[in-house]
Structure formats: C-alpha cells, structure tokens
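Q: There's a structure below that I have some questions on.
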Amino acid sequence: MPRYHPFLTVGSTSMNTHRSGAGRYDIYGFVTMPWHFQQYQLPITLAQDTHDVDANCDGPDLDFVYSDVDSYQNEIAELYSYTEYSEFQSNVKAFEDQMELYDLPPNWQKQDSASQRSIVMKLIDQLEVSNRTLRMQAARCILYLAQGCWAEVQSDEEQHQNTRDNVIVLYELGVFSSFIDLLNMEIESACSPDIVAVKITNVTLVDSTDIRVILSVLYIITETIRDEREKASEDYKDLAESFVQEINSPLPDGELLAVKLLGMITRFCSGAAPQFPMKKVVLLLWKVSLLGLGGMDVLKNLKNEYRLKVGLDPITEDTLEVTKCMRASSPPATATDILENQYPKRNFKRSLMKQRFLDEPEQIDMEMSGNEGSGNANNSGGNNGGSNGEEELLQYYRPFDDPSSSASTTATANPNNQPSLTAPLAAVPPVQITARLPWTPKVRQKDIDQFLDISRNKFIGYSLIGDHESLAGLPQPIHEGFKTLQRHMYMSLADMQIKKEEDIARNPISTHEDEIKLTPAEILYQAILPNLPQYMIALLKVLLAASPTSKSKTESINIMADVLPKKMPLTATQSTKLTVDMGRHKEIIVKAVSAIILLYLKHFKINHVYQFEFMSQHLVFANCIPLVLKFFNQTITEYVNTKNNIPLLDFPSCVIGEQPDLSGDSFVYGADMSDKPYSWRNVFSCINLLRILNKLIKWKHSRVMMLVVFKSAPILKKTLKVRHAMMQLYVLKLLKMQTKYLGRQWRKSNMKTMSAIYSKVRHRLNDDWAFGNDLESRPWDFQAEECTLRACVDRFNLRRYPEATQKCGAGGGSGNNGGGGTAAQNAENSQQSNMNAGNGYGGNNGGADSNGYGGNNGGGGGGGGNNSGNNQQQQQQLNDYGVEGGFPSDEILTHSDFAFFGHSGWWDRKVELTDYFKANYAVWLEEEVYNSQTDWDAL
C-alpha cells in the first residue's frame, strides 16, 4: 500500500476518524498522534501530481545577506543623484573662495588641527548671517569637508578616512545643531504664505538646491557616526553615545528630529512644499530612526530583556539565523512547464516525473526506463514494488546536514544525489533522514483551552470555563496530548501586555500600573501620536509614487523633484543616464520607506503591543495591504535583478581621479563591474515589504480575508521564483495564513507549495491551516474583531496619553498638519469599501452579507442601514448634549467605553454645558436618572 502524507487527504474526512483539537479520534473515541507531531513522516508526492513541477528552474541561490543597511560606501553613494554631479564642483569652488578670504592655502590637509577647528568655527559663525548667499557658501564649505575633501585625495580609502576625521571635528564644534537651525529656516520659508501662494508647477533640481546641501551634511554626519558605532570604533565611542542622546531628545523648538522629518513628508504630500527633496528626507529619517531606536541586534536584546522582566523565557530561535541555514526552493511551475509535463515529447520515455521539490530535500531520481535491469532486480521480491514505485516518489527532507553523518558525506560526493545511469540503482547508498524541522513547534494557551473544551464535551459532556488544567474523567491519550501541548506552549510578550491591559480595564482603581519607562521607542511614540494617521498616509503615498507598478499619470505627488534637471537631456547618452537615475531614485525611496515602517512596527511591538496595533490599524486603513500586493504584482525576478546603477557616476568615483567620457560602452562596463547577480537594495526592499505584510496580517482573520479578496495567492506564488530562503519563508507564511480559504482545488493543484509550507514554516499545533476546518473563520466575526481591537487601543491611548489622543481622535493636529483625522477616516472608509467589495470571500458566501457590514458604503443589507441610522441618532444626541468631538473613535464606542472614560481623568475635564442641555435638564434628570433602573448584579 502506498504511504499517504496528510496533505493528500486535504478536505476529506475519513469514515472512521474524526479530527478535533490536537489529534484524531478513532472509532473508539481515543486520540491518536496529531499529524503536526509527525515530524518524522516527510512529504510524499504522487507521480501524477505535476501541477507544481518545474524542471527548468535550476539556478544558484542568491548570496544576499539581510542586515540593517548596505555597506557604508553604497549608503553614501545613494544619497546623491547622478544629476547632482555638477554641484560637487560648486562645493570645491565655495571652499577655495572661503579659504582665499581667510588668506589660507586652499588645502585642508595642510592645516594643523588648531587651524582646522578655527576654520570650522568661522564657518559656523557665517551660517548665522542674514545674507543667504554667504550663509549657503559656508554651508557648501562644510559639505565639502564632510565629503572628505575629495579634490585633495587619490583614492576612495583616503577620502573615507578624511570624512571619518572631519565628522568628529564638525560634530564636536556643533555643526549638526547649526544645520538643524538652517533646516528649520528652510522649512519655514518653504511653507511661508508667499511661497505657497505661488504654486510651483514644474519643480526641478534647482528649486531644492539649498535644502539638499543642508540635508546632505546632516545625513553624512549621521551615517558616518552610525557606521563607526557599529564597528565599535574607539574614537567614536563617546561621540556616538552623545549623538544618540541628542537625536532622542527634543530640539529647542520641542520637536524630535524624526518628527520634524515626518512633518516634511506630510507637507510634501499635501502639496504645501513640492520642492522638498523626498529621497534625502526619507534617507535621513531612516538613519536617524535606526541610530536612535537601534537595529536588529538591539531589538533582539530588548525583546529578551522585556520577556525576562515579565517572567518569560528568552527567545532562542532567531529568524535571521535560522534562515541562513535554509536553502532556497525551486519556484512553482509556469503554464508551459505544466503542459510539457502533461504531454511529454515523443521518444522521451520515463515512468516517473523528476520533481525538484519546493523545499530542499535530496531525492532519489529513479529513471525506470534507463534502469530496467536494476528495477527488475529491486522488484524481484514479489511485492509489486515496481508498480508502487511508478505510483509514488519518495522525498527526503534534509535541510540541516550533520557533518559527522554518512548523509553529509554522500552529499559532498554527489551534491545532486543523482545515481549514475550506468551503475545499478542498488549501488546508491541509502540517504539518512534527519528528523528535525527548522523550528520548534508552538501552541497558544487559547488552543490548549479549545482542545480541553472539545475533549470534555466529547467524553464527559460538560465544560469548565476558565479551567486550564483539569483532566478529570478524560482518557489517558488525552492526558498525553495535553502534556505535549503544554510542553510546546509559547507565551508571547504581547500576550502578557494584553493581559495586563485587561486587568487594568477590569479593575482600574485596584490594579497598579507600572511606571512608563521613557525608552527611545516610547519617546518617539508619544511624539508622533497626535499626527500618526497623517504620517502613515504620507509614507504610503511616497511608497506608492515610488512603486515600479504605479502609473505616472495617476501620481498625486512628484517625487522626481530632486532628479529632473532644469534642461532636459538632448543626447542619447544623457537620456540613458537620466532614465537610469530615475529608476535608481525610486528604488532608493522604496528601500528607505519600507525600512522606516518596519523599524517602527518592530520597536512599537516590543515596547507595547497596543502601540504596534495603533500604527498597524492606520496602515491598514490607508490601504497598505493592497499597496504591497500591487508592488509585488510585477515580474519580481526582473525587479530583483535590475541594476539601475552606473558605478562610474557613484560618489566618490565620479570625482576622484581622471574621469572617462560617458558613452554606451561605459554604461555596459559599469553594469558589469558588480559581481552580484542581484540588486542589494531591491532584495532588501522586497523582504521588508513582506515582513510588513506579515506583521499587519498575523492572527487577524479580517486582514487574512483581505489577502483572499485581493487574490494575492498567484501574486505571492510568483514571488517564490526569487531563490532566497528568507524571502521565500515570508511568502510561504502569507500563503499559509490564507490556505484554508482558497478551497480544496487550489490545495490539490499546489501540493508543492503546501509541502514547502510544511517543511519551512513553523508548526502551530492544532492549526488546521491545510484543511479549512477552522470554526473561527466565520465572516460575520471579522468586523467585530477590528472594532474590538480599535476600542482596546483607544482605551489604552486615552488612559496613558489623554491630550495626544484627543488631538488624534478629533483629527485636529497642530500647525500645518491639521486635518489628518479626516484623511484617516476617509482611508478607513476606503478600506471598509474594499472589504465589502469582496464580501464573497473566495466564493464561500456569494453575494452581499445579510448582516450588512457596510451600510454606510452601500455594500451591506438592511441591518447596516439601521445601524448607521442609530449611530447618527446617537451622535446627534451627543452633539445636543454638548459632547462634541474629543472621543478617539465615536463610530465604534460601546457602553463599556463610555463607562471607562470616568477612570481616565475625564472627570477633571471642564465641560461647557449648552443652552439646550440647561433648558431640558429636568427632563434629562427624570428620564436618565429617576426612571432608569440599574441591574447591579449584571454590572
């Protein structure tokens, strides 16, 4: 009898077994081993399953190593556009003119240390003069010093060393603070009524000349200090700590530098300042946030530190480290491959299809037609082994090789593990199976409770609410299953934080709340909270405009303002250079924006899960999920391999040494200079966006349904063609979330992908992701889930940050950032419309939902309209009583929310009673107080 993998019975229920909870019950009611525990039974694919086979996809894995940033040289080179080439000479001329005024030789390296510091002090004084020309000349001199005095050197290493030495002098003398003041002046002048009144239609490189100089100096100082701090340089040790404290502290005007840069992005997207150079702004924001908050190492240490503080074990498995041991998978098949496999060419005889499985197993390739003798020899036992061999193909999973094992020796001698056609099949040494998956299985407390509840109802006929341990009356196999589940139970830091919030909400007076520790993430969250919806919308607008799939005619903002020259190119070489520069410009923006969003999400989630959820909801309301799917709806392999780079024009190569004439040959030569078959920043951007999508969707049924509604499965399957283990892992996670909703036919046709999920993604015990039996996937629960989460987040914000929450909830904001609440509400309505537009949910429900989620959007039934009318009536009553605005989210408030406001400092709020309320006070007192009966037992 052939062996069957659990995936081969997807959607079917055996006659004598019943799946429930963590295991299978046989006809006698005893539990058998859960299929999730069958880590020793490896994926087996039948020979006729050729839907996912792709025999023409061999290729090397990408040797991309995911990290916080690219190399220092590349990060500095990406600051400048190729059209800024002429401005480098302006910096040299400004320096020479300035040195001539000081009666000094125009050579920085010939000056001693005291003279250099004296020159810098004079330049700082000149930055404060009222004459704009003199001020910007001094700024250009400082930029030339920060660039490493490239006109005086002969090599890139010498220029880098000069930059390293000069940044120490510049920062110690206060250049960074002086340039922050210059940036404030530029922002004020750019947003002044005179400038705003004269709308700039055709923005070019010239319009942002001065602000680009300022941002370049700030960026070079920030990136150099970050790089030296990462290298643990002794010269930069004290300086780096001082710099981190400075960027995590408010500026003299009370704003954080990161908030100021976010405000610049918001003004740019609103059209108030179209001349802002977006690429330099988002790059500086990224590096300031990375240095202020910390990168991957800091995140890992913080997570373990916070877990130990609340009594949890530290994390031992790091995703980045585990994925380094994984090998990339072969991508799914194309339509051509499927047809070729179904209709093989004539005279090409083979009884078994050779399948390169979508995980990384070594497999035995049994070419029966070429090894008839060996086949007969093996099948001489009389057990019909030949027919069984033709029906199935055994796959071996071996991602982690033991160097001491014979399997490792075999792999070294024959990497592809393919037997010779001339040697007998019996001569091939047997492959030893490594019975270990890359991740330790996990289970949540909720899943254990569900398992116990089902077991109690089945065997005893009762349920114990809130009892997590009682096993009285249950058979021994249930005890063993319970112990196994407990052994793999994982309690996350977020679970502990949510539990603490529930205790505070339930007992607000008696429950003690810990003191809020002002970590860098906490400081940043408090600073961006009043205008967080606007910031998220602005970042996503920039990301959309930089997406390669976006159409120029539909762009609402022009992110090319700091690339386009005043005079358009005339020659073919200039046009080619500009085309490459524009593509490079977009890629850099996508890289920076995706890194910013991911960094904020990860730090907020560790600091407090509701901070993360607040940011996540506004990203979802602003249509982040379809935006990321739109980004991946392209030929992603081409995007990863595209190199919009001309190394001869990268800084500092473009200014050091003799410069060759640019021609078609030099472009080709420049493209061949890189030894990498991929673009580092494009792979980095793709992984960031996939990680963002995973964070937004994980454990959220309503958002998983958005993946299904937007038909993301084929888009994500195309992304699997990129041969990089980490990227494929996050794609497989996204596919696993929605597999149960895609139907039996999809699972049957994508067995290769299913097996890859089984072997690469962490197992969640009790998770029926491959069967679609989840009772929690009822569509009418989705809206309540989002609303409940929103109410919890608003309650958290209102208790801890009442003033900032009132600004955010009322949509007011401050200064030029006002009106963001309306934008956020529109985005939320748009997101709701998208959900209602696809309420068929993959064909499960067909037609509009009778519960009428979207009465306001016309997508629901009568119930939605009634609810909408009730909400309007309640809001009108609130307005009549003088309670107008101020609540964080009026459309989803419940009675418990109104009751909770009394514990959040709202009693101290001075409320002006309206004349209407005063005139009808007696009526209100009679109806709401005297005639109102309160069921205290129910409360």
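Residues in the structure tokens are numbered from 1 in each chain, the chains being A, B, ... in the order shown, and ligands are numbered from 1 in the order shown.
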Contacts of Gly657 in chain A at 12 Å or less, counting only C-alpha atoms, minus same-chain residues fewer than 5 places along, as JSON, numbers by chain?
A: {"A": [150, 151, 152, 153, 154, 155, 156, 159, 648, 651, 652]}
Q: Let me see the file: selected residues, C-alpha atoms, as a PDB file, in the first residue's frame.
A:
ATOM      1  CA  TRP A 150      37.799  64.640  -2.296  1.00  0.00           C
ATOM      2  CA  ALA A 151      39.699  67.139  -4.512  1.00  0.00           C
ATOM      3  CA  GLU A 152      42.862  66.567  -2.460  1.00  0.00           C
ATOM      4  CA  VAL A 153      42.919  62.753  -2.447  1.00  0.00           C
ATOM      5  CA  GLN A 154      43.763  59.990  -4.908  1.00  0.00           C
ATOM      6  CA  SER A 155      41.755  57.034  -3.578  1.00  0.00           C
ATOM      7  CA  ASP A 156      38.385  56.174  -2.090  1.00  0.00           C
ATOM      8  CA  GLN A 159      38.510  60.127   1.072  1.00  0.00           C
ATOM      9  CA  LEU A 648      31.388  55.352 -12.721  1.00  0.00           C
ATOM     10  CA  PHE A 651      30.267  59.086  -5.336  1.00  0.00           C
ATOM     11  CA  PRO A 652      33.214  59.295  -4.812  1.00  0.00           C
TER      12      PRO A 652
END
Q: Do a neighbour search on Asp70 in chain A at 12 Å with only C-alpha atoms, toss out local chain neighbours closer than 3 positions, and write the hits as an MDAnalysis selection string.
A: chainID A and resid 64:67 73:78 223 227 287 588 591:592 595 679:685
Q: Which residues are close to Leu543 in chain A, i.e. within 10 Å by only C-alpha atoms, leaving aside same-chain residues fewer than 6 positions away? Reply as a ChimeraX atom specification.
A: /A:537,550,559,586-587,589-594,624,627-628,631
Q: Which neighbours of Val288 in chain A fall inside 10 Å, counting only C-alpha atoms, when residues of the same chain fewer than 5 positions from it are skipped, and could you give them as a list in words?
A: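 The residues that qualify are Leu218, Tyr219, Thr222, Glu223, Arg226, Val244, Ile247, Asn248, Leu257, Ala258, Leu261, Val282, Leu283, Leu293, Gly294 and Ile596 of chain A.
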Q: In Å, how far is it from CA of Thr719 in chain A to CA of Met737 in chain A?
A: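 So the two atoms, CA of Thr719 in chain A and CA of Met737 in chain A, lie 16.2 Å apart.
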Q: From the list A:Leu239, A:Asp112, A:Ala622, A:Gly148, which residue is nearest Gly174 in chain A when using only C-alpha atoms?
A: A:Leu239
Q: For CA of Leu734 in chain A and CA of Asn694 in chain A, quote the distance in Å rounded to one decimal.
A: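 Straight-line distance from CA of Leu734 in chain A to CA of Asn694 in chain A works out to 6.5 Å.
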Q: Please, which residues of range 467-709 of chain A, numbered as in this document, come out helix (DSSP H, G or I) from DSSP, as an NGL selection string?
A: :A and (476-487 or 493-506 or 520-546 or 552-554 or 572-607 or 609-621 or 624-632 or 636-641 or 647-649 or 664-672 or 680-697 or 701-709)
Q: My list of candidates is A:Asn457, A:Asn644, A:Gln738, A:Ser547. Which is closest to Val580 in chain A when distances are computed with only C-alpha atoms?
A: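 Using only C-alpha atoms, the shortest distance to Val580 in chain A belongs to A:Asn644.
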